Amino acid sequence: MEIMSFDIRHLMYYSRNDGSNNRRFSNFLIYFSVIFLFSCFLSSFSWAKATEKQLAIVDSLQVQSDAQSTTLRFIVSADVAVEAAVLDQPLRIILEWPDVSFQLSPDSLPKGVGVVKSLRAGMVSHERSRVVIELSEPALPLKIRSEPVYSGAAREIIVELFPTGRAQFEEAVSKRREQAARRDQGAPESPAGDPVDQRPLIVIDPGHGGPDLGATGVTGIFEKDIVLSFAKELARKLKNIGEFRVAMTRERDVFVPLDDRVKFARARGASLFLSIHADTLSGNSEVRGLTVYTGSDRASDPESARLAESENRSDIAAGLDEAQSVEAVTDILGDLMMRETRAHSNLFARTLVGQMTNAAKLNKNPIRSAGFRVLRAPDIPSALLELGYISSPSDIELLTSVGWTDRATDRLVGAIMDFFEARRNLGGAVSIEP
Ligand code: ZN
C-alpha cells in the first residue's frame, strides 16, 4: 500500500495548463510543500528485520531527460520518506532524506542532464541526509514516487523535475520560506555546557562535510576528509594533556551550517574556536604554505577576501537557504567586546605562527584576516587555519602524511598551551589594536 499525501489530479492539471492559472497553481504549491510519504507494507519479515537497525543505502542514481522533464531514479535498500524544497540564488532543489547512507562517488554523479546542472549528496545532521540539485533553469519537482524493484528487495525513488517559469519558481521559494519560518519559531535552544568542569573548552571545527565537499584536490581528494582526520588527531592529543575540554563541531562526514558552528561554541562557553581548512588557490596566487586567518570586517588582502567569500558559500553548497541564515551576533554584544576578542584571536594567531616556524612551511605573510562567517563569535577568540593548498600535489602529499600531521598537531597543541599561559599571565588583558 502506498500513501501519497498529495492529489495527483492537481499535478496533471498543472502539467497540461503550464501553470497559467494562479489559483490552481497555489493549490499545487500547498500539495507540493507537503512531505511525500511513501509507506510500504511488505509482509516479508526478513526485509523488515534487515532495515530495522541499519541505515538505508542509496547506491545508484540515474538521471535522464526528455522534452518534458528530467527524471532522477535513486535505488534505495529500504523505503524512506523524501521531502522536496526549492531554493533560489542559485536555483536549487533540495531533497531531504532521513538518515540514509549515500554510497555514490561524488565524481560519478551526473552533471548537465536536462535541468540538472550538478548534484551533491551527503549527511547534514545525525538524522538527515540531503541531495542538492543545482538547476540550469527554474524547475519544480512535480512528481515524487516510490516503486518496488528487484522483486521487492529494494525501492526506486523517482523524482521528476519539470521546467517552469521564473515567477512560479519564486512563488514556490517564498511559500517554502514562510513554512520554514513558522517551523523555526519555538525551536529548542542548544544545551548548556557542563558547569562542574572549569577547564577551558577548545572547540575544533573541521570545515565542510556531507554534501559540502570543500575544495577538491588535484588527486581527487576532498578538503572535508583531510580536515576531519587532522582535527580528530588534534582533538585526541589535546584530550590526552588533560588541561582542556575538547569538542568538535563534527566528528564524521556530516554537514554543519556555518552559523551553527559558531552557536555550538557559544552555547558551550568555548574559550577558543579553531576552524580547520585546506583549500585550493586561484591561478597566480602568492599564497602558499600554512596560513592563520582571524576574523575582520576588512580583509587584509584581496586573496584573503576571495578565500573568505568562497568559505562563506559553504551553506549554499550544502543546500541551505542563505536568506534564512541568522546574521552575525556582533550587534548584541557590541563592538568593544568584539575588538577585545579579536585582540585575543590575534594573540593566538601570533603564538601559533611562532610555534609553527621550523615545523611547517609557512606563508610569507602567515597571519591574515577577512570576514569569515565562522570567525564572528563576539566573545570567543577564533582562528581559521589553512593547513595548505590542495591545488598543489606536494601539499596533498604533505597534508596526508602521518609525519607532517604528527608534527603539526604537536605544534598546535603547544600553541594552545602557550596561548592560555599568556592569557593567565596577562590577567586576560591584551592590547586592542585600532
Ligand atoms: Zn575550506
# chains A, B, ... in the order shown; residues from 1 in each chain; ligands from 1
call {"tool": "residues_near_ligand", "arguments": {"ligand": "ligand 1", "cutoff": "8 Å", "atoms": "only C-alpha atoms and all ligand atoms", "output": "list in words"}}
result
Gly207, His208, Gly214, Ala215, Glu223, Lys224, Ile276, His277, Ala278, Asp279, Ser310, Glu311 and Glu386 of chain A
call {"tool": "residues_around", "arguments": {"residues": "Leu412 in chain A", "least_positions_apart": "5", "cutoff": "9 Å", "atoms": "only C-alpha atoms", "output": "list in words"}}
result
Leu234, Leu352, Gln355, Met356, Arg407 and Met417 of chain A
call {"tool": "closest_residue", "arguments": {"among": "A:Asp212, A:Asp205, A:Asp379, A:Glu251", "to": "Leu320 in chain A", "atoms": "only C-alpha atoms"}}
result
A:Asp212
call {"tool": "residues_around", "arguments": {"residues": "Tyr293 in chain A", "least_positions_apart": "2", "cutoff": "10 Å", "atoms": "only C-alpha atoms", "output": "ChimeraX atom specification"}}
result
/A:275,291,295-296,299-300,304,308,345-346,349,366-372,375,382-386
call {"tool": "residues_around", "arguments": {"residues": "range 107-116 of chain A", "least_positions_apart": "4", "cutoff": "10 Å", "atoms": "only C-alpha atoms", "output": "CSV table (one decimal) with C-alpha atoms, in the first residue's frame"}}
result
chain,number,residue,atom,x,y,z
A,60,SER,CA,22.6,4.1,-7.6
A,61,LEU,CA,21.4,7.3,-9.2
A,62,GLN,CA,20.4,7.8,-12.9
A,63,VAL,CA,19.3,11.0,-14.5
A,64,GLN,CA,17.5,11.1,-17.8
A,65,SER,CA,15.8,13.8,-19.7
A,66,ASP,CA,13.3,14.2,-22.5
A,67,ALA,CA,11.4,17.1,-24.0
A,68,GLN,CA,9.0,17.4,-21.0
A,69,SER,CA,11.0,16.6,-17.8
A,70,THR,CA,14.2,15.5,-16.2
A,71,THR,CA,13.9,12.3,-14.1
A,72,LEU,CA,16.1,11.2,-11.2
A,92,ARG,CA,18.3,24.6,-6.4
A,93,ILE,CA,16.0,21.7,-5.5
A,120,ARG,CA,25.7,16.7,-4.4
A,121,ALA,CA,24.7,14.2,-1.7
A,133,ILE,CA,20.4,19.6,-7.2
A,134,GLU,CA,21.7,22.8,-8.8
A,135,LEU,CA,19.4,23.7,-11.7
A,136,SER,CA,20.4,25.2,-15.0
A,137,GLU,CA,16.9,26.8,-15.3
A,138,PRO,CA,13.8,27.1,-13.0
A,139,ALA,CA,12.1,23.7,-12.5
A,140,LEU,CA,9.9,22.1,-9.9
A,161,LEU,CA,11.5,17.8,-12.5
A,162,PHE,CA,9.5,19.9,-14.8
A,163,PRO,CA,10.9,23.2,-16.2
A,220,GLY,CA,40.6,13.9,-6.3
call {"tool": "closest_residue", "arguments": {"among": "A:Val131, A:Val100, A:Ala247, A:Ala377", "to": "Pro211 in chain A", "atoms": "only C-alpha atoms"}}
result
A:Val131
call {"tool": "residues_around", "arguments": {"residues": "Val86 in chain A", "least_positions_apart": "4", "cutoff": "10 Å", "atoms": "only C-alpha atoms", "output": "list in words"}}
result
Ser33, Leu91, Arg92, Ile93, Ile94, Leu95, Val132, Ile133, Pro138, Ala139, Leu140, Pro141, Phe169, Glu170, Glu171, Ala172, Val173, Ser174, Lys175, Arg176, Arg177, Gly319 and Asp321 of chain A
call {"tool": "closest_residue", "arguments": {"among": "A:Glu156, A:Asp253, A:Glu340, A:Glu421", "to": "Pro381 in chain A", "atoms": "only C-alpha atoms"}}
result
A:Glu340
call {"tool": "atom_distance", "arguments": {"atom1": "CA of Asp315 in chain A", "atom2": "CA of Ser125 in chain A"}}
result
13.3 Å
call {"tool": "closest_residue", "arguments": {"among": "A:Leu362, A:Leu281, A:Ala56, A:Leu87", "to": "Thr216 in chain A", "atoms": "only C-alpha atoms"}}
result
A:Leu281
call {"tool": "residues_around", "arguments": {"residues": "Ile226 in chain A", "least_positions_apart": "4", "cutoff": "8 Å", "atoms": "only C-alpha atoms", "output": "PyMOL selection string"}}
result
chain A and resi 221-222+230+278+399-400
call {"tool": "atom_distance", "arguments": {"atom1": "CA of Arg182 in chain A", "atom2": "CA of Val82 in chain A"}}
result
20.4 Å
call {"tool": "atom_distance", "arguments": {"atom1": "CA of Arg245 in chain A", "atom2": "CA of Arg199 in chain A"}}
result
6.1 Å
call {"tool": "residues_around", "arguments": {"residues": "Arg250 in chain A", "least_positions_apart": "5", "cutoff": "9 Å", "atoms": "only C-alpha atoms", "output": "ChimeraX atom specification"}}
result
/A:204-207,209,228,255-256,261
call {"tool": "select_by_dssp", "arguments": {"residues": "range 132-378 of chain A", "states": "alpha helix (DSSP H)", "output": "JSON, numbers by chain"}}
result
{"A": [166, 167, 168, 169, 170, 171, 172, 173, 174, 175, 176, 177, 178, 179, 180, 181, 182, 183, 184, 223, 224, 225, 226, 227, 228, 229, 230, 231, 232, 233, 234, 235, 236, 237, 238, 239, 240, 241, 258, 259, 260, 261, 262, 263, 264, 265, 266, 267, 302, 303, 304, 305, 306, 307, 308, 309, 310, 311, 314, 315, 316, 317, 330, 331, 332, 333, 335, 336, 337, 338, 339, 340, 341, 342, 343, 344, 345, 346, 347, 348, 349, 350, 351, 352, 353, 354, 355, 356]}
call {"tool": "closest_residue", "arguments": {"among": "A:Glu243, A:Asp259, A:Glu303, A:Glu83", "to": "Val413 in chain A", "atoms": "only C-alpha atoms"}}
result
A:Glu243
